[in-house]
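Quick notes on the structure that follows.
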Amino acid sequence: MPESMLRRAATAAERRQDAWLAAGLFVAAMISTALGSVSGIYGDEQPDLIWGLLYSVALTAPLVFRRRYPMTALIAVSVVFFVGVSARIPELYVGNVALFVGMYTVGAWVSDRRRAALVRVLLIIAMFVWLMITIFQTAASSEDGLSQEGPFSPFAAFSMIQFLVNVAFFGGAYLFGERAYTGAMERTALEERTRELEQERERTAAQAVALDRVRIARELHDVVAHHVSAMGVQAGAARTVLGRDPDAARTALTGVESSARQALTELRQLLETLRTPETDAPGGSTVRLDALPDLVAHANENGLPTTVSIVGDPVPTPELVQVNLYRIAQEALTNARRHGGPGATADVRLRYADDAVELEVSNEGRGPISGRAGLGLVGMRERAAASGGTLEARARPRGGFLVRVRVPLSQAVPA
């Protein structure tokens, strides 16, 4: 079973809650037993109250461990319930509640869903067989239980009530447990995705700072170094010829002035650019298309057999496109590992054409469980759109999933 589908362990607070629940049900069971004994539910065939005390302890004690050992607790409660009813312990209500709680816990906390379903189904079948046997024994011991005819005889009505009550009882416990497990898995997946998004946000913010530093350094070098070095040469020439050739010195100083003005103009433009956020200049990014083999190696190391192939000769590709294609491949492989199931494999193909670059990530295995597009697909579509391309994401007819993005390179500079 994938790790993402495992139920988390019970917390200390939840274990304390189980202890309080068991204690409360024990008190209720004792009160119910005492009242049942006084009211004479089973007539004169009732055992002593000491047996009611032992029954109450055995019935509720397993619930202390219901989250740590759900199936063991359910089986223990069921056996005690069966023995108590067979021994005619005058307690009719708390036993049903304990049985309901035990069955609900198996559905809500057992990660092995096949075993959880098998234990509950077998228990339900056993309980219904026991119920039918008890009903017919009761009817057989009655003088007129089977003597009346008709579909609504007392025996038929009693049997129908017992059957419907138990269907609602066991069906509710089963369905509530299933819903609780599904809700817990959805919350776990949402928390995991939230953590991933937060980590990605932090990485993106750190990368943005690094990219801005690289970009500023490059722009300052282009603007300042070029013009300042030119001004130094011109000023040196003016100093050299100042005494013997004033016109040449004047010309050199004019060049210094011109270079200074141009440098100031370009610096002003650079500052205006830095004050205006731009999304199309991720220069200095540490993730590019040449890092795809490392990404594939990481997928192989983390349980997803993956291959990579490059078709065509690489063409100059804007860095924004490289960053976005890398991130799309990363997200597609993450989804394949998460949703592909056991035995899933993946293939990454990068195709270069004269006017476009195309990335295709496909995987064998099952597709996403939910048909609704998740945040990962939304992010991939946004990256493809930001690069000026299109993205295709769909389930494959023979199983698995396909992600294909194509980005035109009409502005690429020939090599």
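By convention here, the chains of the structure tokens are called A, B, ... in the order presented, each chain's residues are numbered starting at 1, and ligands are numbered starting at 1 in the order presented.
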
Contact residues around Ala291 (chain A) with only C-alpha atoms at 12 Å, ignoring same-chain residues under 6 positions, as a PDB file with N, CA, C and O atoms, in the first residue's frame:
ATOM      1  N   SER A 285      18.519  30.867 -13.373  1.00  0.00           N
ATOM      2  CA  SER A 285      17.822  29.765 -12.736  1.00  0.00           C
ATOM      3  C   SER A 285      18.719  28.540 -12.660  1.00  0.00           C
ATOM      4  O   SER A 285      19.518  28.280 -13.549  1.00  0.00           O
ATOM      5  N   ALA A 297      16.940  10.543 -12.717  1.00  0.00           N
ATOM      6  CA  ALA A 297      17.677   9.728 -11.745  1.00  0.00           C
ATOM      7  C   ALA A 297      17.032   9.801 -10.365  1.00  0.00           C
ATOM      8  O   ALA A 297      16.938   8.799  -9.649  1.00  0.00           O
ATOM      9  N   HIS A 298      16.570  10.989  -9.996  1.00  0.00           N
ATOM     10  CA  HIS A 298      15.885  11.139  -8.707  1.00  0.00           C
ATOM     11  C   HIS A 298      14.601  10.315  -8.680  1.00  0.00           C
ATOM     12  O   HIS A 298      14.266   9.695  -7.655  1.00  0.00           O
ATOM     13  N   VAL A 308      14.640   8.457 -20.041  1.00  0.00           N
ATOM     14  CA  VAL A 308      14.663   9.771 -20.667  1.00  0.00           C
ATOM     15  C   VAL A 308      15.307   9.658 -22.040  1.00  0.00           C
ATOM     16  O   VAL A 308      16.264   8.895 -22.222  1.00  0.00           O
ATOM     17  N   GLN A 322      12.867  26.950 -20.418  1.00  0.00           N
ATOM     18  CA  GLN A 322      13.591  25.846 -19.799  1.00  0.00           C
ATOM     19  C   GLN A 322      13.134  25.603 -18.360  1.00  0.00           C
ATOM     20  O   GLN A 322      12.913  24.465 -17.939  1.00  0.00           O
ATOM     21  N   VAL A 323      12.985  26.690 -17.611  1.00  0.00           N
ATOM     22  CA  VAL A 323      12.524  26.556 -16.233  1.00  0.00           C
ATOM     23  C   VAL A 323      11.131  25.930 -16.186  1.00  0.00           C
ATOM     24  O   VAL A 323      10.866  24.999 -15.411  1.00  0.00           O
ATOM     25  N   LEU A 325       9.488  24.097 -18.491  1.00  0.00           N
ATOM     26  CA  LEU A 325       9.459  22.713 -18.961  1.00  0.00           C
ATOM     27  C   LEU A 325      10.027  21.771 -17.897  1.00  0.00           C
ATOM     28  O   LEU A 325       9.515  20.665 -17.686  1.00  0.00           O
ATOM     29  N   TYR A 326      11.067  22.204 -17.238  1.00  0.00           N
ATOM     30  CA  TYR A 326      11.633  21.384 -16.165  1.00  0.00           C
ATOM     31  C   TYR A 326      10.608  21.179 -15.046  1.00  0.00           C
ATOM     32  O   TYR A 326      10.426  20.063 -14.557  1.00  0.00           O
ATOM     33  N   ARG A 327       9.941  22.252 -14.658  1.00  0.00           N
ATOM     34  CA  ARG A 327       8.965  22.145 -13.581  1.00  0.00           C
ATOM     35  C   ARG A 327       7.767  21.279 -13.990  1.00  0.00           C
ATOM     36  O   ARG A 327       7.206  20.534 -13.181  1.00  0.00           O
ATOM     37  N   ALA A 329       7.882  18.725 -16.112  1.00  0.00           N
ATOM     38  CA  ALA A 329       8.368  17.340 -16.026  1.00  0.00           C
ATOM     39  C   ALA A 329       8.425  16.882 -14.577  1.00  0.00           C
ATOM     40  O   ALA A 329       8.057  15.748 -14.243  1.00  0.00           O
ATOM     41  N   GLN A 330       8.871  17.751 -13.704  1.00  0.00           N
ATOM     42  CA  GLN A 330       8.969  17.406 -12.280  1.00  0.00           C
ATOM     43  C   GLN A 330       7.585  17.101 -11.705  1.00  0.00           C
ATOM     44  O   GLN A 330       7.397  16.106 -10.993  1.00  0.00           O
ATOM     45  N   LEU A 350      12.076  14.548 -24.729  1.00  0.00           N
ATOM     46  CA  LEU A 350      12.255  15.950 -25.075  1.00  0.00           C
ATOM     47  C   LEU A 350      12.580  16.018 -26.554  1.00  0.00           C
ATOM     48  O   LEU A 350      13.574  15.425 -27.009  1.00  0.00           O
TER      49      LEU A 350
END

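Going from CA of Phe82 (chain A) to CA of Arg16 (chain A) covers 27.5 Å.
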
Report task. Provide the CA of Leu49 (chain A) to CA of Val165 (chain A) distance in Å, to one decimal place. Result -> 28.2 Å

Show which residues sit within 9 Å of Val80 (chain A), as an mmCIF file with N, CA and C atoms, in the first residue's frame. Count only C-alpha atoms, and ignore same-chain residues fewer than 6 positions away.
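Resulting contents of out_8.cif:
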data_model
loop_
_atom_site.group_PDB
_atom_site.id
_atom_site.type_symbol
_atom_site.label_atom_id
_atom_site.label_comp_id
_atom_site.auth_asym_id
_atom_site.auth_seq_id
_atom_site.Cartn_x
_atom_site.Cartn_y
_atom_site.Cartn_z
ATOM 1 N N TYR A 55 -18.793 -8.763 32.889
ATOM 2 C CA TYR A 55 -19.209 -8.511 31.505
ATOM 3 C C TYR A 55 -18.943 -7.058 31.116
ATOM 4 N N ALA A 58 -15.125 -6.580 30.617
ATOM 5 C CA ALA A 58 -14.637 -7.230 29.394
ATOM 6 C C ALA A 58 -15.182 -6.555 28.136
ATOM 7 N N LEU A 59 -16.372 -5.988 28.236
ATOM 8 C CA LEU A 59 -16.988 -5.351 27.066
ATOM 9 C C LEU A 59 -16.323 -4.020 26.719
ATOM 10 N N GLY A 95 -23.837 -2.758 25.239
ATOM 11 C CA GLY A 95 -23.168 -3.733 24.380
ATOM 12 C C GLY A 95 -23.312 -3.379 22.917
#

Query raised in the report: Interatomic distance between CA of Tyr174 (chain A) and CA of Leu63 (chain A)?
Result: 17.2 Å

Which residues are close to region 356-364 of chain A, i.e. within 8 Å by only C-alpha atoms, leaving aside same-chain residues fewer than 4 positions away? Reply as an mmCIF file with N, CA and C atoms, in the first residue's frame.
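The resulting file, result.cif, is reproduced below:
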data_model
loop_
_atom_site.group_PDB
_atom_site.id
_atom_site.type_symbol
_atom_site.label_atom_id
_atom_site.label_comp_id
_atom_site.auth_asym_id
_atom_site.auth_seq_id
_atom_site.Cartn_x
_atom_site.Cartn_y
_atom_site.Cartn_z
ATOM 1 N N LEU A 325 9.488 24.097 -18.491
ATOM 2 C CA LEU A 325 9.459 22.713 -18.961
ATOM 3 C C LEU A 325 10.027 21.771 -17.897
ATOM 4 N N ALA A 329 7.882 18.725 -16.112
ATOM 5 C CA ALA A 329 8.368 17.340 -16.026
ATOM 6 C C ALA A 329 8.425 16.882 -14.577
ATOM 7 N N ALA A 332 4.852 16.215 -13.363
ATOM 8 C CA ALA A 332 4.285 15.029 -14.013
ATOM 9 C C ALA A 332 4.853 13.750 -13.412
ATOM 10 N N LEU A 333 6.156 13.719 -13.141
ATOM 11 C CA LEU A 333 6.753 12.540 -12.521
ATOM 12 C C LEU A 333 6.267 12.369 -11.083
ATOM 13 N N ALA A 336 2.902 10.837 -11.358
ATOM 14 C CA ALA A 336 3.002 9.431 -11.763
ATOM 15 C C ALA A 336 3.388 8.556 -10.581
ATOM 16 N N GLY A 340 0.250 6.423 -9.895
ATOM 17 C CA GLY A 340 0.422 5.323 -10.836
ATOM 18 C C GLY A 340 0.193 3.964 -10.229
ATOM 19 N N ALA A 344 4.199 0.979 -11.539
ATOM 20 C CA ALA A 344 4.134 2.058 -12.531
ATOM 21 C C ALA A 344 5.531 2.403 -13.033
ATOM 22 N N THR A 345 5.621 2.742 -14.309
ATOM 23 C CA THR A 345 6.865 3.213 -14.926
ATOM 24 C C THR A 345 6.566 4.496 -15.683
ATOM 25 N N ALA A 346 7.612 5.247 -15.984
ATOM 26 C CA ALA A 346 7.430 6.537 -16.660
ATOM 27 C C ALA A 346 8.490 6.708 -17.738
ATOM 28 N N ASP A 347 8.177 7.565 -18.690
ATOM 29 C CA ASP A 347 9.095 7.861 -19.789
ATOM 30 C C ASP A 347 9.060 9.356 -20.061
ATOM 31 N N VAL A 348 10.227 9.982 -20.154
ATOM 32 C CA VAL A 348 10.348 11.411 -20.427
ATOM 33 C C VAL A 348 11.007 11.576 -21.792
ATOM 34 N N ARG A 349 10.362 12.341 -22.666
ATOM 35 C CA ARG A 349 10.912 12.581 -24.006
ATOM 36 C C ARG A 349 10.930 14.083 -24.277
ATOM 37 N N LEU A 350 12.076 14.548 -24.729
ATOM 38 C CA LEU A 350 12.255 15.950 -25.075
ATOM 39 C C LEU A 350 12.580 16.018 -26.554
ATOM 40 N N ARG A 351 11.735 16.712 -27.321
ATOM 41 C CA ARG A 351 11.899 16.792 -28.774
ATOM 42 C C ARG A 351 12.206 18.224 -29.184
ATOM 43 N N TYR A 352 13.262 18.375 -29.970
ATOM 44 C CA TYR A 352 13.632 19.682 -30.515
ATOM 45 C C TYR A 352 13.271 19.723 -31.993
ATOM 46 N N GLY A 399 -4.082 2.649 -20.150
ATOM 47 C CA GLY A 399 -3.693 2.792 -18.752
ATOM 48 C C GLY A 399 -2.592 3.802 -18.570
ATOM 49 N N GLY A 400 -2.608 4.475 -17.457
ATOM 50 C CA GLY A 400 -1.587 5.481 -17.188
ATOM 51 C C GLY A 400 -2.053 6.879 -17.556
ATOM 52 N N PHE A 401 -1.096 7.786 -17.672
ATOM 53 C CA PHE A 401 -1.420 9.191 -17.903
ATOM 54 C C PHE A 401 -0.359 9.805 -18.817
ATOM 55 N N LEU A 402 -0.776 10.812 -19.576
ATOM 56 C CA LEU A 402 0.115 11.474 -20.530
ATOM 57 C C LEU A 402 0.061 12.974 -20.323
ATOM 58 N N VAL A 403 1.232 13.593 -20.267
ATOM 59 C CA VAL A 403 1.358 15.043 -20.227
ATOM 60 C C VAL A 403 2.261 15.460 -21.375
ATOM 61 N N ARG A 404 1.750 16.316 -22.248
ATOM 62 C CA ARG A 404 2.537 16.769 -23.401
ATOM 63 C C ARG A 404 2.413 18.284 -23.510
ATOM 64 N N VAL A 405 3.528 18.976 -23.593
ATOM 65 C CA VAL A 405 3.534 20.424 -23.725
ATOM 66 C C VAL A 405 4.393 20.793 -24.927
ATOM 67 N N ARG A 406 3.895 21.719 -25.721
ATOM 68 C CA ARG A 406 4.603 22.185 -26.917
ATOM 69 C C ARG A 406 4.727 23.702 -26.832
ATOM 70 N N VAL A 407 5.968 24.189 -26.989
ATOM 71 C CA VAL A 407 6.246 25.625 -26.882
ATOM 72 C C VAL A 407 6.896 26.087 -28.182
ATOM 73 N N PRO A 408 6.262 27.007 -28.903
ATOM 74 C CA PRO A 408 6.884 27.543 -30.125
ATOM 75 C C PRO A 408 8.139 28.339 -29.782
ATOM 76 N N LEU A 409 9.104 28.313 -30.661
ATOM 77 C CA LEU A 409 10.362 29.042 -30.462
ATOM 78 C C LEU A 409 10.576 30.021 -31.604
ATOM 79 N N SER A 410 9.560 30.804 -31.888
ATOM 80 C CA SER A 410 9.657 31.732 -33.015
ATOM 81 C C SER A 410 10.706 32.811 -32.771
#

Requested in this report: With a distance cut-off of 8 Å and only C-alpha atoms, select the neighbouring residues of Met30 (chain A), excluding the residue or stretch itself and same-chain residues fewer than 3 positions from it, and output the selection as number ranges by chain.
Outcome: A: 26-27, 33-34, 52-53, 56

Dump N, CA and C atoms for the selected residues as a compact mmCIF listing (two decimals), in the first residue's frame?
# COMPACT_ATOMS: atom_id res chain seq x y z
N PHE A 26 -18.22 1.88 30.58
CA PHE A 26 -18.23 0.92 31.70
C PHE A 26 -19.27 1.33 32.74
N VAL A 27 -19.26 2.60 33.11
CA VAL A 27 -20.25 3.09 34.08
C VAL A 27 -21.66 2.89 33.55
N THR A 33 -26.91 -2.75 33.53
CA THR A 33 -27.04 -4.11 34.07
C THR A 33 -27.87 -4.13 35.34
N ALA A 34 -27.59 -3.16 36.21
CA ALA A 34 -28.35 -3.10 37.47
C ALA A 34 -29.83 -2.86 37.22
N GLY A 52 -22.39 -9.51 35.80
CA GLY A 52 -22.62 -8.28 35.07
C GLY A 52 -21.43 -7.34 35.15
N LEU A 53 -20.78 -7.32 36.33
CA LEU A 53 -19.58 -6.50 36.48
C LEU A 53 -18.47 -7.00 35.57
N SER A 56 -19.25 -6.14 32.00
CA SER A 56 -19.05 -4.72 31.70
C SER A 56 -17.57 -4.40 31.50

Query - Nearest candidate to Ile75 (chain A) (options A:Ala116, A:Val378, A:Ala87, A:Ala29; using only C-alpha atoms) - result: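 So, comparing all the options, the nearest one is A:Ala116.
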